[in-house]
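Read the structure below first, then the notes.
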Amino acid sequence: MKKIKQKIKKSLVFLLLVILCGCGKSIEKISEQRFLFGTHISIIIYSDNKSKAKKSIELAFKTISDIDEKYNSKNKKSAIYKINNSTKKVVSIDSEFQDILNKINEVYKDSDRRYDVTISPLLDLWGFGKNYRATVPTKEEIEKALKFVDFSNVVIENNQLKYLKNTKEMDTGSFLKGYAISKARDLLEQRGEKHVFITSVSSITTIGAKAKNKPWRVGIQDPSDLSKTLGLVELSGKSLGVSGDYQTYVEINGKKYHHIIDNNTGYPVRDKKLVAVICDSAFLADMYSTALFLMPETEVFKFATKKNIEVLIVKDNGKILTTKNFILK
């Protein structure tokens with residue numbers, strides 16, 4: 001009996017050591033950065049399983065890279081590039097891209113057709129494509145380009161994407177980064193990662209909070225002075241999309257013209273300098289930030305209420321407007 005008791009005690013001591021060792025596993029920060037979509041994309045994971053986290057990051061970057069290759073309008077392998085650069089305005093697409101286009105169509109309609117990804121002719125005209133401009137486009141040039149901007153002429157039939165005669169080109173720049181990091185987030189969540197931060201600079205998404213339940217903190221740049229921030233916004237499981245007049249622009253005769261162009265006037269929007277959106281999906285946050293930049297201020301907050309999203313606007317005069325729960329610290 002004495003030997004049995006000793007064996008039980010030894011077993012209990014061994015079990016306690018195992019438990020204590022397990023409790024002592026430290027949480028580490030694992031991160032990696034790669035250049036995709038013409039920008040730096042970073043993924044950070046806090047985990048007590050370093051090898052699993054590294055594998056998760058590798059798979060997440062593969063997801064992002066695959067989307068870049070399949071759907072980016074600047075990638076020669078993508079269906080969009082092929083249809084944009086072919087005389088035959090029809091191309092076969094997969095079910096995933098059909099879903100993407102259906103969601104784009106929803107935002108197009110919800111924004112009263114202001115969010116329009118067939119904006120490429122205007123982007124090219126202003127010098128954001130292959131051609132450099134020495135002068136501001138003329139009224140006649142703008143009117144000609146506007147005839148080819150109309151997402152309602154993009155049609156999906158029998159797994160085929162068709163451009164009707166008044167559609168020239170689509171541009172994926174306003175949504176694809178957000179979509180890609182959103183899909184990467186889904187994969188990481190499926191793999192059981194609990195503390196994740198993914199950023200492509202203007203599009204950010206998270207899973208949970210940082211270690212020790214601290215929220216991720218993101219600085220919102222001051223569009224009038226990029227060396228400063230307007231403040232910090234805290235994210236835990238949410239996504240952030242930012243559109244600004246400072247992100248992409250051309251200079252013509254010493255004056256800057258940004259890339260967020262009104263599809264009614266053909267000119268860059270001038271009443272706002274920045275729009276930031278917080279919501280559940282990085283894909284939606286990406287599209288909404290552009291859509292709201294294009295909408296009149298009076299409609300922005302009605303849209304935010306309808307969609308249950310948080311919004312910050314920096315007006316052209318520097319005044320900041322926010323929804324109730326968009327909190328800058």
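Just so we're on the same page: first chain in the structure tokens is A, next is B, and so on; residues restart at 1 for each chain, and ligands are numbered from 1 in the order they show up.
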>> Give me, as a ChimeraX atom specification, all polymer residues having an atom no more than 10 Å from Ile327 (chain A), counting only C-alpha atoms and skipping those fewer than 5 positions away in the same chain.
In response: /A:231-234,310-312,322
Could you dump the residues just selected with N, CA and C atoms as a PDB file, in the first residue's frame?
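As a result, out-v2.pdb now contains:
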```pdb
ATOM      1  N   GLY A 231      -4.729  61.389 -34.562  1.00  0.00           N
ATOM      2  CA  GLY A 231      -4.981  60.663 -33.328  1.00  0.00           C
ATOM      3  C   GLY A 231      -4.894  59.178 -33.579  1.00  0.00           C
ATOM      4  N   LEU A 232      -5.161  58.407 -32.535  1.00  0.00           N
ATOM      5  CA  LEU A 232      -5.110  56.955 -32.625  1.00  0.00           C
ATOM      6  C   LEU A 232      -6.509  56.366 -32.526  1.00  0.00           C
ATOM      7  N   VAL A 233      -6.764  55.340 -33.320  1.00  0.00           N
ATOM      8  CA  VAL A 233      -8.020  54.618 -33.230  1.00  0.00           C
ATOM      9  C   VAL A 233      -7.715  53.188 -32.778  1.00  0.00           C
ATOM     10  N   GLU A 234      -8.562  52.660 -31.912  1.00  0.00           N
ATOM     11  CA  GLU A 234      -8.337  51.320 -31.362  1.00  0.00           C
ATOM     12  C   GLU A 234      -9.230  50.301 -32.063  1.00  0.00           C
ATOM     13  N   GLU A 310     -18.710  53.045 -38.656  1.00  0.00           N
ATOM     14  CA  GLU A 310     -18.177  54.264 -38.053  1.00  0.00           C
ATOM     15  C   GLU A 310     -17.338  55.012 -39.086  1.00  0.00           C
ATOM     16  N   VAL A 311     -17.484  56.324 -39.128  1.00  0.00           N
ATOM     17  CA  VAL A 311     -16.852  57.126 -40.185  1.00  0.00           C
ATOM     18  C   VAL A 311     -16.189  58.367 -39.608  1.00  0.00           C
ATOM     19  N   LEU A 312     -15.045  58.697 -40.175  1.00  0.00           N
ATOM     20  CA  LEU A 312     -14.372  59.966 -39.905  1.00  0.00           C
ATOM     21  C   LEU A 312     -14.136  60.674 -41.230  1.00  0.00           C
ATOM     22  N   THR A 322     -17.103  63.145 -37.292  1.00  0.00           N
ATOM     23  CA  THR A 322     -17.129  61.699 -37.048  1.00  0.00           C
ATOM     24  C   THR A 322     -18.510  61.242 -36.628  1.00  0.00           C
TER      25      THR A 322
END
```
>> I'd like the contact shell of region 238-245 of chain A - 9 Å cut-off, only C-alpha atoms, skipping same-chain residues fewer than 6 positions apart - returned as a PyMOL selection string.
In response: chain A and resi 174+178+182+201-208+220+223+257-260+268-270+272-290+293
>> Need the shell around Thr229 (chain A): protein/DNA/RNA residues with any atom at most 7 Å away, counting only C-alpha atoms. Skip same-chain ones fewer than 5 positions apart. Format as number ranges by chain?
In response: A: 219-222
Keeping only N, CA and C atoms, take the residues you just selected and write them out as a PDB file, in the first residue's frame.
```
ATOM      1  N   GLY A 219      -2.586  54.796 -36.013  1.00  0.00           N
ATOM      2  CA  GLY A 219      -2.569  56.235 -36.186  1.00  0.00           C
ATOM      3  C   GLY A 219      -3.241  56.643 -37.484  1.00  0.00           C
ATOM      4  N   ILE A 220      -4.101  57.643 -37.422  1.00  0.00           N
ATOM      5  CA  ILE A 220      -4.711  58.217 -38.623  1.00  0.00           C
ATOM      6  C   ILE A 220      -3.882  59.433 -39.032  1.00  0.00           C
ATOM      7  N   GLN A 221      -3.274  59.357 -40.217  1.00  0.00           N
ATOM      8  CA  GLN A 221      -2.416  60.447 -40.667  1.00  0.00           C
ATOM      9  C   GLN A 221      -3.185  61.750 -40.849  1.00  0.00           C
ATOM     10  N   ASP A 222      -2.508  62.842 -40.545  1.00  0.00           N
ATOM     11  CA  ASP A 222      -3.042  64.166 -40.831  1.00  0.00           C
ATOM     12  C   ASP A 222      -2.805  64.449 -42.311  1.00  0.00           C
TER      13      ASP A 222
END
```
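For the set A:Pro121, A:Asn72, A:Ser236, A:Arg34, the residue with the smallest atom-to-atom gap to Glu58 (chain A) is A:Arg34, counting only C-alpha atoms.
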>> Taking only C-alpha atoms into account, name the residue in A:Ala180, A:Asp124, A:Ser47, A:Leu146 that is nearest to Asn264 (chain A).
In response: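 Smallest distance to Asn264 (chain A) is found for A:Leu146.
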>> Which residues are close to Gly127 (chain A), i.e. within 10 Å by only C-alpha atoms, leaving aside same-chain residues fewer than 2 positions away? Reply as a ChimeraX atom specification.
In response: /A:122-125,129-137,249-252,257,259
> Using only C-alpha atoms, which of the listed residues (A:Ala60, A:Ile156, A:Ile45, A:Ala145) sits closest to Lys168 (chain A)?
Replying inline: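 Going through A:Ala60, A:Ile156, A:Ile45, A:Ala145 one by one, the smallest distance to Lys168 (chain A) is for A:Ala145.
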Please provide the set of residues having any atom within 8 Å of region 91-101 of chain A, restricted to only C-alpha atoms, with same-chain residues fewer than 4 positions apart removed, written as a tab-separated table (two decimals) with C-alpha atoms, in the first residue's frame.
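The resulting out-v2.tsv:
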```tsv
chain	number	residue	atom	x	y	z
A	71	TYR	CA	-7.95	39.59	-60.11
A	79	ALA	CA	-9.09	38.14	-66.11
A	82	LYS	CA	-7.21	40.49	-70.26
A	83	ILE	CA	-10.63	42.02	-70.83
A	105	ASN	CA	-22.59	46.26	-57.55
A	156	ILE	CA	-22.29	38.71	-65.75
A	159	ASN	CA	-19.91	32.54	-65.88
A	160	GLN	CA	-18.79	35.24	-68.30
A	161	LEU	CA	-17.95	38.86	-67.64
A	162	LYS	CA	-19.07	41.14	-70.45
```
From the DSSP assignment of the backbone, select every residue of region 46-262 of chain A that is strand (DSSP E), and format the answer as a PDB file with N, CA and C atoms, in the first residue's frame.
```
ATOM      1  N   TYR A  46       0.316  37.355 -32.528  1.00  0.00           N
ATOM      2  CA  TYR A  46       0.796  37.037 -31.187  1.00  0.00           C
ATOM      3  C   TYR A  46       0.334  35.608 -30.876  1.00  0.00           C
ATOM      4  N   SER A  47       1.292  34.747 -30.534  1.00  0.00           N
ATOM      5  CA  SER A  47       0.951  33.332 -30.338  1.00  0.00           C
ATOM      6  C   SER A  47       1.968  32.659 -29.411  1.00  0.00           C
ATOM      7  N   VAL A  90     -15.246  40.185 -73.589  1.00  0.00           N
ATOM      8  CA  VAL A  90     -15.900  39.122 -72.821  1.00  0.00           C
ATOM      9  C   VAL A  90     -14.817  38.161 -72.333  1.00  0.00           C
ATOM     10  N   VAL A  91     -14.948  37.701 -71.091  1.00  0.00           N
ATOM     11  CA  VAL A  91     -13.956  36.793 -70.523  1.00  0.00           C
ATOM     12  C   VAL A  91     -14.645  35.895 -69.498  1.00  0.00           C
ATOM     13  N   SER A  92     -14.180  34.657 -69.370  1.00  0.00           N
ATOM     14  CA  SER A  92     -14.722  33.720 -68.379  1.00  0.00           C
ATOM     15  C   SER A  92     -14.174  34.067 -66.998  1.00  0.00           C
ATOM     16  N   VAL A 154     -21.437  46.667 -67.043  1.00  0.00           N
ATOM     17  CA  VAL A 154     -20.683  45.442 -66.740  1.00  0.00           C
ATOM     18  C   VAL A 154     -21.700  44.351 -66.418  1.00  0.00           C
ATOM     19  N   VAL A 155     -21.673  43.277 -67.198  1.00  0.00           N
ATOM     20  CA  VAL A 155     -22.712  42.248 -67.095  1.00  0.00           C
ATOM     21  C   VAL A 155     -22.085  40.877 -66.852  1.00  0.00           C
ATOM     22  N   ILE A 156     -22.712  40.087 -65.980  1.00  0.00           N
ATOM     23  CA  ILE A 156     -22.289  38.706 -65.754  1.00  0.00           C
ATOM     24  C   ILE A 156     -23.375  37.774 -66.281  1.00  0.00           C
ATOM     25  N   GLU A 157     -22.999  36.922 -67.220  1.00  0.00           N
ATOM     26  CA  GLU A 157     -23.943  35.947 -67.789  1.00  0.00           C
ATOM     27  C   GLU A 157     -23.227  34.624 -68.033  1.00  0.00           C
ATOM     28  N   GLN A 160     -19.578  34.348 -67.457  1.00  0.00           N
ATOM     29  CA  GLN A 160     -18.789  35.236 -68.304  1.00  0.00           C
ATOM     30  C   GLN A 160     -18.998  36.688 -67.887  1.00  0.00           C
ATOM     31  N   LEU A 161     -17.901  37.421 -67.896  1.00  0.00           N
ATOM     32  CA  LEU A 161     -17.947  38.856 -67.642  1.00  0.00           C
ATOM     33  C   LEU A 161     -17.950  39.571 -68.982  1.00  0.00           C
ATOM     34  N   LYS A 162     -18.944  40.441 -69.172  1.00  0.00           N
ATOM     35  CA  LYS A 162     -19.070  41.141 -70.447  1.00  0.00           C
ATOM     36  C   LYS A 162     -19.048  42.650 -70.233  1.00  0.00           C
ATOM     37  N   TYR A 163     -18.300  43.333 -71.093  1.00  0.00           N
ATOM     38  CA  TYR A 163     -18.367  44.787 -71.139  1.00  0.00           C
ATOM     39  C   TYR A 163     -19.267  45.161 -72.303  1.00  0.00           C
ATOM     40  N   VAL A 196      -4.398  38.835 -34.303  1.00  0.00           N
ATOM     41  CA  VAL A 196      -3.848  39.076 -35.648  1.00  0.00           C
ATOM     42  C   VAL A 196      -4.059  40.522 -36.072  1.00  0.00           C
ATOM     43  N   PHE A 197      -3.036  41.059 -36.742  1.00  0.00           N
ATOM     44  CA  PHE A 197      -3.100  42.405 -37.319  1.00  0.00           C
ATOM     45  C   PHE A 197      -2.529  42.326 -38.736  1.00  0.00           C
ATOM     46  N   ILE A 198      -3.336  42.710 -39.738  1.00  0.00           N
ATOM     47  CA  ILE A 198      -2.877  42.730 -41.128  1.00  0.00           C
ATOM     48  C   ILE A 198      -3.058  44.144 -41.660  1.00  0.00           C
ATOM     49  N   THR A 199      -2.015  44.691 -42.254  1.00  0.00           N
ATOM     50  CA  THR A 199      -2.116  46.033 -42.814  1.00  0.00           C
ATOM     51  C   THR A 199      -1.508  46.113 -44.205  1.00  0.00           C
ATOM     52  N   SER A 203      -5.542  49.840 -45.843  1.00  0.00           N
ATOM     53  CA  SER A 203      -6.541  48.832 -45.466  1.00  0.00           C
ATOM     54  C   SER A 203      -5.967  47.981 -44.343  1.00  0.00           C
ATOM     55  N   ILE A 204      -6.743  47.862 -43.265  1.00  0.00           N
ATOM     56  CA  ILE A 204      -6.275  47.139 -42.080  1.00  0.00           C
ATOM     57  C   ILE A 204      -7.388  46.232 -41.580  1.00  0.00           C
ATOM     58  N   THR A 205      -7.001  45.034 -41.118  1.00  0.00           N
ATOM     59  CA  THR A 205      -7.987  44.151 -40.505  1.00  0.00           C
ATOM     60  C   THR A 205      -7.359  43.439 -39.317  1.00  0.00           C
ATOM     61  N   THR A 206      -8.185  43.020 -38.364  1.00  0.00           N
ATOM     62  CA  THR A 206      -7.678  42.395 -37.147  1.00  0.00           C
ATOM     63  C   THR A 206      -8.528  41.190 -36.748  1.00  0.00           C
ATOM     64  N   ILE A 207      -7.900  40.307 -35.977  1.00  0.00           N
ATOM     65  CA  ILE A 207      -8.618  39.249 -35.264  1.00  0.00           C
ATOM     66  C   ILE A 207      -8.329  39.470 -33.790  1.00  0.00           C
ATOM     67  N   TRP A 216      -5.466  46.834 -30.682  1.00  0.00           N
ATOM     68  CA  TRP A 216      -4.507  47.312 -31.661  1.00  0.00           C
ATOM     69  C   TRP A 216      -4.722  48.813 -31.826  1.00  0.00           C
ATOM     70  N   ARG A 217      -3.661  49.572 -31.881  1.00  0.00           N
ATOM     71  CA  ARG A 217      -3.781  51.033 -31.994  1.00  0.00           C
ATOM     72  C   ARG A 217      -3.184  51.486 -33.321  1.00  0.00           C
ATOM     73  N   VAL A 218      -3.974  52.238 -34.082  1.00  0.00           N
ATOM     74  CA  VAL A 218      -3.578  52.669 -35.428  1.00  0.00           C
ATOM     75  C   VAL A 218      -3.640  54.188 -35.511  1.00  0.00           C
ATOM     76  N   GLY A 219      -2.586  54.796 -36.013  1.00  0.00           N
ATOM     77  CA  GLY A 219      -2.569  56.235 -36.186  1.00  0.00           C
ATOM     78  C   GLY A 219      -3.241  56.643 -37.484  1.00  0.00           C
ATOM     79  N   ILE A 220      -4.101  57.643 -37.422  1.00  0.00           N
ATOM     80  CA  ILE A 220      -4.711  58.217 -38.623  1.00  0.00           C
ATOM     81  C   ILE A 220      -3.882  59.433 -39.032  1.00  0.00           C
ATOM     82  N   GLN A 221      -3.274  59.357 -40.217  1.00  0.00           N
ATOM     83  CA  GLN A 221      -2.416  60.447 -40.667  1.00  0.00           C
ATOM     84  C   GLN A 221      -3.185  61.750 -40.849  1.00  0.00           C
ATOM     85  N   ASP A 222      -2.508  62.842 -40.545  1.00  0.00           N
ATOM     86  CA  ASP A 222      -3.042  64.166 -40.831  1.00  0.00           C
ATOM     87  C   ASP A 222      -2.805  64.449 -42.311  1.00  0.00           C
ATOM     88  N   ASP A 225      -0.487  67.323 -43.033  1.00  0.00           N
ATOM     89  CA  ASP A 225       0.909  67.209 -42.586  1.00  0.00           C
ATOM     90  C   ASP A 225       1.172  65.744 -42.256  1.00  0.00           C
ATOM     91  N   LEU A 226       1.749  65.011 -43.224  1.00  0.00           N
ATOM     92  CA  LEU A 226       1.886  63.560 -43.089  1.00  0.00           C
ATOM     93  C   LEU A 226       2.887  63.135 -42.021  1.00  0.00           C
ATOM     94  N   SER A 227       3.623  64.079 -41.470  1.00  0.00           N
ATOM     95  CA  SER A 227       4.537  63.759 -40.368  1.00  0.00           C
ATOM     96  C   SER A 227       3.784  63.691 -39.035  1.00  0.00           C
ATOM     97  N   LYS A 228       2.512  64.063 -39.046  1.00  0.00           N
ATOM     98  CA  LYS A 228       1.695  64.076 -37.832  1.00  0.00           C
ATOM     99  C   LYS A 228       0.500  63.143 -37.975  1.00  0.00           C
ATOM    100  N   THR A 229      -0.128  62.857 -36.843  1.00  0.00           N
ATOM    101  CA  THR A 229      -1.367  62.073 -36.856  1.00  0.00           C
ATOM    102  C   THR A 229      -2.498  62.898 -36.264  1.00  0.00           C
ATOM    103  N   LEU A 230      -3.699  62.583 -36.706  1.00  0.00           N
ATOM    104  CA  LEU A 230      -4.887  63.214 -36.119  1.00  0.00           C
ATOM    105  C   LEU A 230      -5.185  62.624 -34.755  1.00  0.00           C
ATOM    106  N   GLY A 231      -4.729  61.389 -34.562  1.00  0.00           N
ATOM    107  CA  GLY A 231      -4.981  60.663 -33.328  1.00  0.00           C
ATOM    108  C   GLY A 231      -4.894  59.178 -33.579  1.00  0.00           C
ATOM    109  N   LEU A 232      -5.161  58.407 -32.535  1.00  0.00           N
ATOM    110  CA  LEU A 232      -5.110  56.955 -32.625  1.00  0.00           C
ATOM    111  C   LEU A 232      -6.509  56.366 -32.526  1.00  0.00           C
ATOM    112  N   VAL A 233      -6.764  55.340 -33.320  1.00  0.00           N
ATOM    113  CA  VAL A 233      -8.020  54.618 -33.230  1.00  0.00           C
ATOM    114  C   VAL A 233      -7.715  53.188 -32.778  1.00  0.00           C
ATOM    115  N   GLU A 234      -8.562  52.660 -31.912  1.00  0.00           N
ATOM    116  CA  GLU A 234      -8.337  51.320 -31.362  1.00  0.00           C
ATOM    117  C   GLU A 234      -9.230  50.301 -32.063  1.00  0.00           C
ATOM    118  N   LEU A 235      -8.624  49.168 -32.430  1.00  0.00           N
ATOM    119  CA  LEU A 235      -9.335  48.109 -33.132  1.00  0.00           C
ATOM    120  C   LEU A 235      -9.177  46.781 -32.389  1.00  0.00           C
ATOM    121  N   SER A 239     -12.124  46.185 -38.795  1.00  0.00           N
ATOM    122  CA  SER A 239     -11.309  46.564 -39.952  1.00  0.00           C
ATOM    123  C   SER A 239     -11.397  48.064 -40.181  1.00  0.00           C
ATOM    124  N   LEU A 240     -10.355  48.600 -40.813  1.00  0.00           N
ATOM    125  CA  LEU A 240     -10.276  50.035 -41.083  1.00  0.00           C
ATOM    126  C   LEU A 240      -9.889  50.254 -42.543  1.00  0.00           C
ATOM    127  N   GLY A 241     -10.628  51.129 -43.217  1.00  0.00           N
ATOM    128  CA  GLY A 241     -10.284  51.533 -44.579  1.00  0.00           C
ATOM    129  C   GLY A 241     -10.125  53.037 -44.625  1.00  0.00           C
ATOM    130  N   VAL A 242      -9.064  53.506 -45.305  1.00  0.00           N
ATOM    131  CA  VAL A 242      -8.784  54.944 -45.373  1.00  0.00           C
ATOM    132  C   VAL A 242      -8.580  55.362 -46.821  1.00  0.00           C
ATOM    133  N   SER A 243      -9.269  56.418 -47.234  1.00  0.00           N
ATOM    134  CA  SER A 243      -9.054  57.035 -48.542  1.00  0.00           C
ATOM    135  C   SER A 243      -8.675  58.491 -48.324  1.00  0.00           C
ATOM    136  N   GLY A 244      -7.575  58.925 -48.982  1.00  0.00           N
ATOM    137  CA  GLY A 244      -7.129  60.294 -48.784  1.00  0.00           C
ATOM    138  C   GLY A 244      -6.625  60.940 -50.057  1.00  0.00           C
ATOM    139  N   TYR A 249      -1.384  60.693 -56.300  1.00  0.00           N
ATOM    140  CA  TYR A 249      -1.686  61.942 -57.005  1.00  0.00           C
ATOM    141  C   TYR A 249      -0.690  62.163 -58.138  1.00  0.00           C
ATOM    142  N   VAL A 250      -1.043  63.060 -59.040  1.00  0.00           N
ATOM    143  CA  VAL A 250      -0.130  63.513 -60.090  1.00  0.00           C
ATOM    144  C   VAL A 250       0.079  65.013 -59.910  1.00  0.00           C
ATOM    145  N   GLU A 251       1.189  65.503 -60.398  1.00  0.00           N
ATOM    146  CA  GLU A 251       1.446  66.943 -60.376  1.00  0.00           C
ATOM    147  C   GLU A 251       1.410  67.481 -61.796  1.00  0.00           C
ATOM    148  N   ILE A 252       0.575  68.482 -62.016  1.00  0.00           N
ATOM    149  CA  ILE A 252       0.473  69.132 -63.329  1.00  0.00           C
ATOM    150  C   ILE A 252       0.683  70.624 -63.116  1.00  0.00           C
ATOM    151  N   LYS A 255       0.795  71.718 -59.470  1.00  0.00           N
ATOM    152  CA  LYS A 255      -0.381  71.515 -58.622  1.00  0.00           C
ATOM    153  C   LYS A 255      -0.720  70.023 -58.547  1.00  0.00           C
ATOM    154  N   LYS A 256      -1.093  69.570 -57.351  1.00  0.00           N
ATOM    155  CA  LYS A 256      -1.408  68.157 -57.143  1.00  0.00           C
ATOM    156  C   LYS A 256      -2.883  67.866 -57.448  1.00  0.00           C
ATOM    157  N   TYR A 257      -3.100  66.744 -58.134  1.00  0.00           N
ATOM    158  CA  TYR A 257      -4.460  66.261 -58.426  1.00  0.00           C
ATOM    159  C   TYR A 257      -4.519  64.799 -57.990  1.00  0.00           C
ATOM    160  N   HIS A 258      -5.410  64.505 -57.032  1.00  0.00           N
ATOM    161  CA  HIS A 258      -5.457  63.142 -56.491  1.00  0.00           C
ATOM    162  C   HIS A 258      -6.346  62.231 -57.341  1.00  0.00           C
TER     163      HIS A 258
END
```
> Could you write out, as JSON, numbers by chain, all the residues of region 27-224 of chain A that DSSP marks as alpha helix (DSSP H)?
Replying inline: {"A": [50, 51, 52, 53, 54, 55, 56, 57, 58, 59, 60, 61, 62, 63, 64, 65, 66, 67, 68, 69, 70, 71, 79, 80, 81, 82, 83, 84, 95, 96, 97, 98, 99, 100, 101, 102, 103, 104, 105, 106, 107, 108, 109, 110, 120, 121, 122, 123, 124, 125, 139, 140, 141, 142, 143, 144, 145, 146, 176, 177, 178, 179, 180, 181, 182, 183, 184, 185, 186, 187, 188, 189, 190]}
Convert the current residue selection to file output with C-alpha atoms, as a PDB file, in the first residue's frame.
```pdb
ATOM      1  CA  LYS A  50       5.682  30.130 -33.101  1.00  0.00           C
ATOM      2  CA  SER A  51       5.968  27.407 -35.748  1.00  0.00           C
ATOM      3  CA  LYS A  52       2.192  27.350 -36.294  1.00  0.00           C
ATOM      4  CA  ALA A  53       2.034  31.154 -36.480  1.00  0.00           C
ATOM      5  CA  LYS A  54       4.841  31.231 -39.059  1.00  0.00           C
ATOM      6  CA  LYS A  55       2.987  28.668 -41.164  1.00  0.00           C
ATOM      7  CA  SER A  56      -0.216  30.702 -40.802  1.00  0.00           C
ATOM      8  CA  ILE A  57       1.555  33.824 -42.052  1.00  0.00           C
ATOM      9  CA  GLU A  58       2.999  31.920 -45.011  1.00  0.00           C
ATOM     10  CA  LEU A  59      -0.456  30.649 -46.002  1.00  0.00           C
ATOM     11  CA  ALA A  60      -2.006  34.104 -45.527  1.00  0.00           C
ATOM     12  CA  PHE A  61       0.548  35.696 -47.866  1.00  0.00           C
ATOM     13  CA  LYS A  62      -0.103  32.959 -50.411  1.00  0.00           C
ATOM     14  CA  THR A  63      -3.817  33.804 -50.274  1.00  0.00           C
ATOM     15  CA  ILE A  64      -3.054  37.494 -50.853  1.00  0.00           C
ATOM     16  CA  SER A  65      -0.602  36.708 -53.670  1.00  0.00           C
ATOM     17  CA  ASP A  66      -3.094  34.387 -55.399  1.00  0.00           C
ATOM     18  CA  ILE A  67      -5.785  37.087 -55.342  1.00  0.00           C
ATOM     19  CA  ASP A  68      -3.307  39.631 -56.717  1.00  0.00           C
ATOM     20  CA  GLU A  69      -2.522  37.313 -59.625  1.00  0.00           C
ATOM     21  CA  LYS A  70      -6.114  36.273 -60.348  1.00  0.00           C
ATOM     22  CA  TYR A  71      -7.954  39.591 -60.106  1.00  0.00           C
ATOM     23  CA  ALA A  79      -9.090  38.143 -66.106  1.00  0.00           C
ATOM     24  CA  ILE A  80      -9.607  41.903 -65.671  1.00  0.00           C
ATOM     25  CA  TYR A  81      -6.311  42.758 -67.350  1.00  0.00           C
ATOM     26  CA  LYS A  82      -7.208  40.494 -70.258  1.00  0.00           C
ATOM     27  CA  ILE A  83     -10.631  42.015 -70.829  1.00  0.00           C
ATOM     28  CA  ASN A  84      -9.306  45.567 -70.326  1.00  0.00           C
ATOM     29  CA  SER A  95     -17.526  32.005 -58.919  1.00  0.00           C
ATOM     30  CA  GLU A  96     -15.338  33.916 -56.467  1.00  0.00           C
ATOM     31  CA  PHE A  97     -14.968  36.858 -58.831  1.00  0.00           C
ATOM     32  CA  GLN A  98     -18.690  36.772 -59.536  1.00  0.00           C
ATOM     33  CA  ASP A  99     -19.254  37.195 -55.793  1.00  0.00           C
ATOM     34  CA  ILE A 100     -16.776  40.093 -55.703  1.00  0.00           C
ATOM     35  CA  LEU A 101     -18.532  41.857 -58.588  1.00  0.00           C
ATOM     36  CA  ASN A 102     -21.943  41.314 -57.011  1.00  0.00           C
ATOM     37  CA  LYS A 103     -20.737  43.002 -53.809  1.00  0.00           C
ATOM     38  CA  ILE A 104     -19.230  45.871 -55.841  1.00  0.00           C
ATOM     39  CA  ASN A 105     -22.591  46.263 -57.555  1.00  0.00           C
ATOM     40  CA  GLU A 106     -24.303  46.565 -54.162  1.00  0.00           C
ATOM     41  CA  VAL A 107     -21.994  49.417 -53.140  1.00  0.00           C
ATOM     42  CA  TYR A 108     -22.404  50.997 -56.583  1.00  0.00           C
ATOM     43  CA  LYS A 109     -26.175  51.096 -56.109  1.00  0.00           C
ATOM     44  CA  ASP A 110     -26.067  52.024 -52.388  1.00  0.00           C
ATOM     45  CA  SER A 120     -10.143  53.716 -65.572  1.00  0.00           C
ATOM     46  CA  PRO A 121     -10.665  56.001 -68.615  1.00  0.00           C
ATOM     47  CA  LEU A 122     -10.651  59.024 -66.307  1.00  0.00           C
ATOM     48  CA  LEU A 123      -7.670  57.767 -64.309  1.00  0.00           C
ATOM     49  CA  ASP A 124      -5.737  57.289 -67.548  1.00  0.00           C
ATOM     50  CA  LEU A 125      -6.786  60.705 -68.794  1.00  0.00           C
ATOM     51  CA  LYS A 139     -13.536  69.807 -70.867  1.00  0.00           C
ATOM     52  CA  GLU A 140     -13.886  67.979 -74.200  1.00  0.00           C
ATOM     53  CA  GLU A 141     -11.407  65.256 -73.153  1.00  0.00           C
ATOM     54  CA  ILE A 142     -13.226  64.731 -69.866  1.00  0.00           C
ATOM     55  CA  GLU A 143     -16.639  64.523 -71.542  1.00  0.00           C
ATOM     56  CA  LYS A 144     -15.285  61.930 -73.973  1.00  0.00           C
ATOM     57  CA  ALA A 145     -13.821  59.790 -71.168  1.00  0.00           C
ATOM     58  CA  LEU A 146     -17.015  60.030 -69.098  1.00  0.00           C
ATOM     59  CA  LEU A 176      -8.870  44.447 -54.101  1.00  0.00           C
ATOM     60  CA  LYS A 177      -6.350  45.036 -51.302  1.00  0.00           C
ATOM     61  CA  GLY A 178      -9.209  45.136 -48.815  1.00  0.00           C
ATOM     62  CA  TYR A 179     -10.661  41.953 -50.274  1.00  0.00           C
ATOM     63  CA  ALA A 180      -7.292  40.176 -50.215  1.00  0.00           C
ATOM     64  CA  ILE A 181      -6.507  40.929 -46.571  1.00  0.00           C
ATOM     65  CA  SER A 182     -10.098  40.080 -45.667  1.00  0.00           C
ATOM     66  CA  LYS A 183      -9.649  36.597 -47.164  1.00  0.00           C
ATOM     67  CA  ALA A 184      -6.280  36.248 -45.425  1.00  0.00           C
ATOM     68  CA  ARG A 185      -8.002  37.118 -42.155  1.00  0.00           C
ATOM     69  CA  ASP A 186     -10.635  34.413 -42.762  1.00  0.00           C
ATOM     70  CA  LEU A 187      -7.900  31.832 -43.302  1.00  0.00           C
ATOM     71  CA  LEU A 188      -6.066  32.823 -40.114  1.00  0.00           C
ATOM     72  CA  GLU A 189      -9.275  32.674 -38.108  1.00  0.00           C
ATOM     73  CA  GLN A 190      -9.970  29.181 -39.470  1.00  0.00           C
TER      74      GLN A 190
END
```
> At what distance in Å, to one decimal, does CA of Asp116 (chain A) lie from CA of Phe301 (chain A)?
Replying inline: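 Atom-to-atom, CA of Phe301 (chain A) and CA of Asp116 (chain A) are spaced 20.0 Å apart.
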